[in-house]
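Structure below is input.txt: compact mmCIF, C-alpha atoms.
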# COMPACT_ATOMS: atom_id res chain seq x y z
CA MET K 1 -51.63 67.22 30.27
CA PRO K 2 -53.99 68.86 32.74
CA GLU K 3 -54.61 72.59 32.91
CA MET K 4 -51.68 73.57 30.71
CA ARG K 5 -50.68 76.54 28.62
CA GLN K 6 -51.05 74.19 25.67
CA CYS K 7 -54.83 74.35 26.09
CA GLU K 8 -55.06 78.02 25.33
CA VAL K 9 -54.72 77.97 21.57
CA ALA K 10 -54.89 75.81 18.52
CA ALA K 11 -51.72 74.30 17.17
CA PRO K 12 -49.51 76.75 15.28
CA SER K 13 -51.17 76.80 11.88
CA GLU K 14 -53.46 79.08 9.92
CA ARG K 15 -55.51 79.34 13.11
CA ALA K 16 -52.55 80.58 15.18
CA GLN K 17 -53.66 84.21 15.05
CA GLU K 18 -57.14 83.47 16.33
CA PRO K 19 -57.85 84.10 20.04
CA GLY K 20 -57.72 80.42 20.90
CA ALA K 21 -59.13 76.98 20.42
CA ALA K 22 -62.01 75.77 22.57
CA ARG K 23 -61.02 73.63 25.53
CA GLU K 24 -62.62 70.34 26.44
CA LYS K 25 -61.89 68.79 29.84
CA THR K 26 -63.78 65.61 30.71
CA PHE K 27 -61.48 64.06 33.32
CA LEU K 28 -62.88 62.79 36.59
CA LEU K 29 -60.80 65.25 38.62
CA ALA K 30 -60.70 68.14 36.13
CA GLY K 31 -62.98 70.49 38.07
CA ALA K 32 -61.42 69.92 41.48
CA GLU K 33 -57.92 70.02 40.04
CA SER K 34 -58.55 73.34 38.32
CA ARG K 35 -59.78 74.90 41.56
CA VAL K 36 -56.77 73.59 43.50
CA LEU K 37 -54.29 74.81 40.89
CA THR K 38 -55.88 78.26 40.80
CA TRP K 39 -55.73 78.47 44.60
CA ILE K 40 -52.04 77.53 44.56
CA ALA K 41 -51.21 79.87 41.66
CA ARG K 42 -52.59 82.87 43.52
CA ARG K 43 -50.17 82.15 46.36
CA VAL K 44 -47.01 81.48 44.37
CA PRO K 45 -44.26 84.07 45.07
CA ALA K 46 -43.92 86.71 42.36
CA ARG K 47 -40.33 85.70 41.62
CA VAL K 48 -41.50 82.23 40.52
CA LEU K 49 -42.36 82.23 36.81
CA PRO K 50 -44.19 79.65 34.66
CA ASP K 51 -40.92 78.57 33.03
CA HIS K 52 -39.52 77.75 36.48
CA LEU K 53 -42.43 75.38 37.05
CA THR K 54 -41.94 73.81 33.63
CA ALA K 55 -38.29 73.18 34.52
CA LEU K 56 -39.43 71.66 37.82
CA GLY K 57 -41.64 69.23 35.91
CA VAL K 58 -38.77 68.19 33.62
CA ALA K 59 -36.41 67.72 36.59
CA ALA K 60 -39.05 65.63 38.34
CA ALA K 61 -39.45 63.43 35.25
CA VAL K 62 -35.69 62.81 35.19
CA GLY K 63 -35.83 61.99 38.89
CA ILE K 64 -38.75 59.60 38.43
CA ALA K 65 -36.86 57.69 35.73
CA ALA K 66 -33.77 57.49 37.96
CA ALA K 67 -35.82 56.38 40.98
CA TYR K 68 -37.44 53.57 39.01
CA ALA K 69 -34.05 52.41 37.75
CA LEU K 70 -32.62 52.57 41.29
CA SER K 71 -35.48 50.43 42.57
CA ASN K 72 -33.36 47.53 41.32
CA GLN K 73 -31.28 48.16 44.45
CA SER K 74 -34.09 48.84 46.92
CA PRO K 75 -37.91 49.02 46.70
CA ALA K 76 -37.70 52.16 48.85
CA TRP K 77 -36.95 54.08 45.66
CA LEU K 78 -40.55 53.46 44.62
CA TRP K 79 -41.65 55.82 47.40
CA VAL K 80 -39.23 58.39 46.00
CA ALA K 81 -40.74 57.91 42.54
CA SER K 82 -44.22 58.51 43.98
CA GLY K 83 -43.11 61.72 45.67
CA LEU K 84 -41.57 62.91 42.43
CA LEU K 85 -44.80 62.11 40.58
CA VAL K 86 -46.51 64.65 42.83
CA MET K 87 -43.75 67.16 42.07
CA HIS K 88 -44.12 66.42 38.36
CA TRP K 89 -47.87 67.06 38.57
CA LEU K 90 -47.22 70.40 40.26
CA GLY K 91 -44.67 71.59 37.70
CA ASP K 92 -46.49 70.17 34.71
CA SER K 93 -49.94 71.45 35.69
CA LEU K 94 -49.30 74.71 37.49
CA ASP K 95 -47.22 76.54 34.88
CA GLY K 96 -50.14 77.30 32.58
CA THR K 97 -52.49 78.13 35.45
CA LEU K 98 -49.92 80.55 36.87
CA ALA K 99 -49.60 82.28 33.50
CA ARG K 100 -53.36 82.69 33.22
CA VAL K 101 -53.85 83.90 36.79
CA ARG K 102 -51.17 86.56 36.28
CA GLY K 103 -52.29 87.44 32.76
CA ILE K 104 -48.87 86.70 31.27
CA GLN K 105 -49.80 83.98 28.79
CA ARG K 106 -47.56 83.30 25.81
CA PRO K 107 -49.89 80.96 23.92
CA ARG K 108 -47.66 79.86 21.04
CA TYR K 109 -44.53 79.66 23.18
CA GLY K 110 -46.39 77.75 25.88
CA TYR K 111 -48.05 75.43 23.38
CA TYR K 112 -44.74 74.49 21.79
CA LEU K 113 -42.77 74.17 25.03
CA ASP K 114 -45.49 72.22 26.81
CA HIS K 115 -45.83 69.58 24.11
CA LEU K 116 -42.07 69.26 23.84
CA VAL K 117 -41.52 68.65 27.55
CA ASP K 118 -44.58 66.36 27.72
CA ALA K 119 -43.03 64.10 25.09
CA MET K 120 -39.69 64.12 26.91
CA ALA K 121 -41.29 63.38 30.29
CA THR K 122 -43.38 60.55 28.88
CA ALA K 123 -40.34 58.91 27.30
CA LEU K 124 -38.26 59.32 30.47
CA ILE K 125 -40.88 57.85 32.78
CA GLY K 126 -41.72 54.99 30.42
CA VAL K 127 -38.07 54.02 29.96
CA GLY K 128 -37.47 54.41 33.70
CA LEU K 129 -40.31 52.01 34.42
CA GLY K 130 -38.90 49.56 31.89
CA LEU K 131 -35.49 49.67 33.59
CA SER K 132 -37.00 48.85 36.97
CA PRO K 133 -37.42 45.24 38.16
CA HIS K 134 -41.18 45.78 38.19
CA MET K 135 -41.86 46.24 34.48
CA LEU K 136 -40.47 44.83 31.25
CA LEU K 137 -38.72 47.41 29.07
CA ALA K 138 -40.98 46.35 26.19
CA THR K 139 -44.04 47.22 28.27
CA GLY K 140 -42.62 50.64 29.12
CA LEU K 141 -41.95 51.36 25.45
CA VAL K 142 -45.44 50.23 24.45
CA ILE K 143 -46.92 52.69 26.95
CA VAL K 144 -44.73 55.52 25.62
CA ILE K 145 -45.68 54.79 22.01
CA ALA K 146 -49.41 54.58 22.80
CA TYR K 147 -49.33 57.85 24.72
CA LEU K 148 -47.40 59.69 22.01
CA VAL K 149 -49.74 58.42 19.27
CA LEU K 150 -52.72 59.72 21.26
CA SER K 151 -50.92 63.04 21.71
CA ILE K 152 -50.28 63.33 17.97
CA ASN K 153 -53.97 62.71 17.30
CA THR K 154 -54.89 65.45 19.78
CA TYR K 155 -52.58 67.94 18.03
CA LEU K 156 -54.12 67.04 14.68
CA GLU K 157 -57.63 67.53 16.08
CA THR K 158 -56.65 70.96 17.37
CA SER K 159 -55.38 71.98 13.95
CA VAL K 160 -58.34 70.54 12.03
CA PHE K 161 -61.28 71.27 14.36
CA GLY K 162 -59.96 74.17 16.44
CA THR K 163 -60.74 72.32 19.68
CA PHE K 164 -58.12 71.09 22.12
CA SER K 165 -59.54 68.05 23.86
CA LEU K 166 -57.47 67.33 26.94
CA GLY K 167 -58.07 63.62 27.15
CA TYR K 168 -59.79 60.46 26.07
CA GLY K 169 -62.77 59.66 28.27
CA ARG K 170 -62.69 60.27 32.01
CA PHE K 171 -59.14 59.15 32.69
CA GLY K 172 -56.41 61.73 32.16
CA PRO K 173 -52.79 62.37 33.16
CA THR K 174 -53.62 63.28 36.76
CA GLU K 175 -55.73 60.17 37.22
CA ALA K 176 -52.90 58.14 35.65
CA ARG K 177 -50.40 59.58 38.14
CA ILE K 178 -52.66 58.64 41.05
CA ALA K 179 -53.04 55.09 39.70
CA LEU K 180 -49.27 54.81 39.25
CA ILE K 181 -48.66 56.01 42.82
CA ALA K 182 -51.06 53.33 44.06
CA VAL K 183 -49.25 50.64 42.06
CA ASN K 184 -45.89 51.94 43.34
CA ALA K 185 -47.14 51.53 46.89
CA ALA K 186 -48.26 47.97 46.18
CA MET K 187 -44.87 47.12 44.68
CA ALA K 188 -42.96 48.78 47.54
CA LEU K 189 -44.96 46.69 50.00
CA GLY K 190 -44.00 43.53 48.17
CA LEU K 191 -47.26 42.91 46.33
CA GLY K 192 -45.56 42.23 43.02
CA LEU K 193 -47.93 39.47 41.97
CA GLY K 194 -45.39 38.10 39.51
CA ILE K 195 -46.61 35.75 36.78
CA GLU K 196 -45.06 33.71 33.98
CA VAL K 197 -46.38 34.26 30.46
CA LEU K 198 -44.81 32.12 27.73
CA GLY K 199 -41.70 31.80 29.84
CA VAL K 200 -41.44 35.56 30.43
CA HIS K 201 -41.68 36.88 33.99
CA ALA K 202 -44.19 39.73 34.28
CA THR K 203 -45.61 41.72 37.19
CA LEU K 204 -48.70 43.61 38.26
CA LEU K 205 -47.21 46.75 36.73
CA ASP K 206 -46.83 44.99 33.36
CA ALA K 207 -50.49 43.96 33.47
CA VAL K 208 -51.63 47.46 34.39
CA GLY K 209 -49.36 49.07 31.80
CA LEU K 210 -50.42 46.83 28.93
CA ALA K 211 -54.08 47.19 29.86
CA GLY K 212 -53.64 50.95 29.89
CA ALA K 213 -51.90 50.95 26.51
CA ALA K 214 -54.62 48.75 25.02
CA THR K 215 -57.30 51.07 26.38
CA MET K 216 -55.52 54.08 24.89
CA LEU K 217 -55.32 52.48 21.47
CA VAL K 218 -59.00 51.46 21.53
CA ALA K 219 -59.93 55.02 22.51
CA LEU K 220 -57.78 56.31 19.65
CA ALA K 221 -59.51 54.03 17.14
CA VAL K 222 -62.95 55.17 18.30
CA ARG K 223 -61.99 58.83 18.19
CA ALA K 224 -60.24 58.57 14.83
CA ALA K 225 -63.32 56.93 13.32
CA ARG K 226 -65.51 59.73 14.69
CA ASN K 227 -63.13 62.40 13.39
CA LEU K 228 -63.04 60.88 9.92
CA ARG K 229 -66.85 60.79 9.82
CA ARG K 230 -67.00 64.48 10.75
CA LEU K 231 -64.41 65.39 8.14
CA ALA K 232 -66.12 63.29 5.46
CA GLU K 233 -69.36 65.18 6.12
CA ARG K 234 -67.56 68.50 5.76
CA GLU K 235 -65.60 67.42 2.70
CA PRO K 236 -67.59 64.79 0.78
CA ALA K 237 -65.61 62.59 -1.58
CA GLY K 238 -65.45 63.96 -5.11
CA THR K 239 -66.51 67.51 -4.20
CA THR K 240 -63.16 69.09 -4.98
CA ARG K 241 -62.80 67.20 -8.23
CA LEU K 242 -66.25 68.30 -9.41
CA ARG K 243 -65.48 71.91 -8.60
CA ALA K 244 -62.25 71.74 -10.56
CA ALA K 245 -64.07 70.31 -13.56
CA ALA K 246 -66.85 72.91 -13.55
CA PRO K 247 -66.71 75.33 -16.54
CA ARG K 248 -65.51 78.88 -15.85

Final structure tokens representation of the file:
Amino acid sequence: MPEMRQCEVAAPSERAQEPGAAREKTFLLAGAESRVLTWIARRVPARVLPDHLTALGVAAAVGIAAAYALSNQSPAWLWVASGLLVMHWLGDSLDGTLARVRGIQRPRYGYYLDHLVDAMATALIGVGLGLSPHMLLATGLVIVIAYLVLSINTYLETSVFGTFSLGYGRFGPTEARIALIAVNAAMALGLGLGIEVLGVHATLLDAVGLAGAATMLVALAVRAARNLRRLAEREPAGTTRLRAAAPR
């Protein structure tokens, strides 16, 4: 996710003792977000630690899932979900910035913990959306799977290339939260725009979710093809076999 402790180092591997993997941030809001997070981090009370913010992010993710499920009773819960998305951004994004500002980074610990809670939060929010009346559970699970597959590819890139690329294109987790808040507002105001597809009732959120998942998978295919080309250039087919066969 944005500006996280996870960005500081490569994945735990043979590179784990190196100072850190290069960071790539190409999101639309990356620059502004980084400045805002740094400003906030410098004003956080000393008793608040990065792990406290990580816990806040996890608690917010649980709350978001519950709010979406409770929106079956009242659309007002969608406003609650939007507020918790802001809280989730704060906890999820500020922990790493706080550690860097204070000079108390724990790169391997942060890398592991951050990816773990990211996976948990993604699953919680996706399932929560699927349990709401505004998205099919199948759509929520498709989004979760697409996001986790992209995450796995990012971890592999970090291990293989030593570069942690924070996103695919110009649309990252923060931009996704903003889009989701906008859709929540539309749903809360009654703009469900329900449609029937092959006898299945779907909504605006289903359309947005499936379009997002499709975009993620296309981006993955493009990036995987590029990565394989780079690796093939570094390790041409047959090179290892020829070396092994060479006389000593």

Item to check | Non-local contacts of Leu90 of chain K (12 Å; all atoms listed in the file; under 5 positions in same chain excluded) as a ChimeraX atom specification | outcome: /K:1-4,33-34,36-38,40-41,44,50,52-61,83-85,95-98,174,177

Go ahead and save the residues from that selection, with C-alpha atoms, as a short mmCIF file (atom, residue, chain, number, x, y, z; two decimals), in the frame of the given file.
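In the end it all went to part_28.cif:
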data_model
loop_
_atom_site.label_atom_id
_atom_site.label_comp_id
_atom_site.auth_asym_id
_atom_site.auth_seq_id
_atom_site.Cartn_x
_atom_site.Cartn_y
_atom_site.Cartn_z
CA MET K 1 -51.63 67.22 30.27
CA PRO K 2 -53.99 68.86 32.74
CA GLU K 3 -54.61 72.59 32.91
CA MET K 4 -51.68 73.57 30.71
CA GLU K 33 -57.92 70.02 40.04
CA SER K 34 -58.55 73.34 38.32
CA VAL K 36 -56.77 73.59 43.50
CA LEU K 37 -54.29 74.81 40.89
CA THR K 38 -55.88 78.26 40.80
CA ILE K 40 -52.04 77.53 44.56
CA ALA K 41 -51.21 79.87 41.66
CA VAL K 44 -47.01 81.48 44.37
CA PRO K 50 -44.19 79.65 34.66
CA HIS K 52 -39.52 77.75 36.48
CA LEU K 53 -42.43 75.38 37.05
CA THR K 54 -41.94 73.81 33.63
CA ALA K 55 -38.29 73.18 34.52
CA LEU K 56 -39.43 71.66 37.82
CA GLY K 57 -41.64 69.23 35.91
CA VAL K 58 -38.77 68.19 33.62
CA ALA K 59 -36.41 67.72 36.59
CA ALA K 60 -39.05 65.63 38.34
CA ALA K 61 -39.45 63.43 35.25
CA GLY K 83 -43.11 61.72 45.67
CA LEU K 84 -41.57 62.91 42.43
CA LEU K 85 -44.80 62.11 40.58
CA ASP K 95 -47.22 76.54 34.88
CA GLY K 96 -50.14 77.30 32.58
CA THR K 97 -52.49 78.13 35.45
CA LEU K 98 -49.92 80.55 36.87
CA THR K 174 -53.62 63.28 36.76
CA ARG K 177 -50.40 59.58 38.14
#

Item to check | Sphere at (-47.0, 57.2, 47.5), radius 10 Å, counting only C-alpha atoms: residues as JSON, numbers by chain | outcome: {"K": [78, 79, 80, 81, 82, 83, 84, 85, 86, 178, 180, 181, 182, 183, 184, 185, 186, 188]}

Checklist entry - Quick one: distance from atom CA of Ala123 of chain K to atom CA of Val144 of chain K in Å, one decimal? => result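 Computing the Euclidean distance for atom CA of Ala123 of chain K and atom CA of Val144 of chain K yields 5.8 Å.
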
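The interatomic distance for the pair atom CA of Ile143 of chain K and atom CA of Gly209 of chain K works out to 6.5 Å.
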
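Checking K:Gly63, K:Ala46, K:Leu220, K:Asp51 one by one against Gly110 of chain K, counting only C-alpha atoms, you find the shortest gap at K:Asp51.
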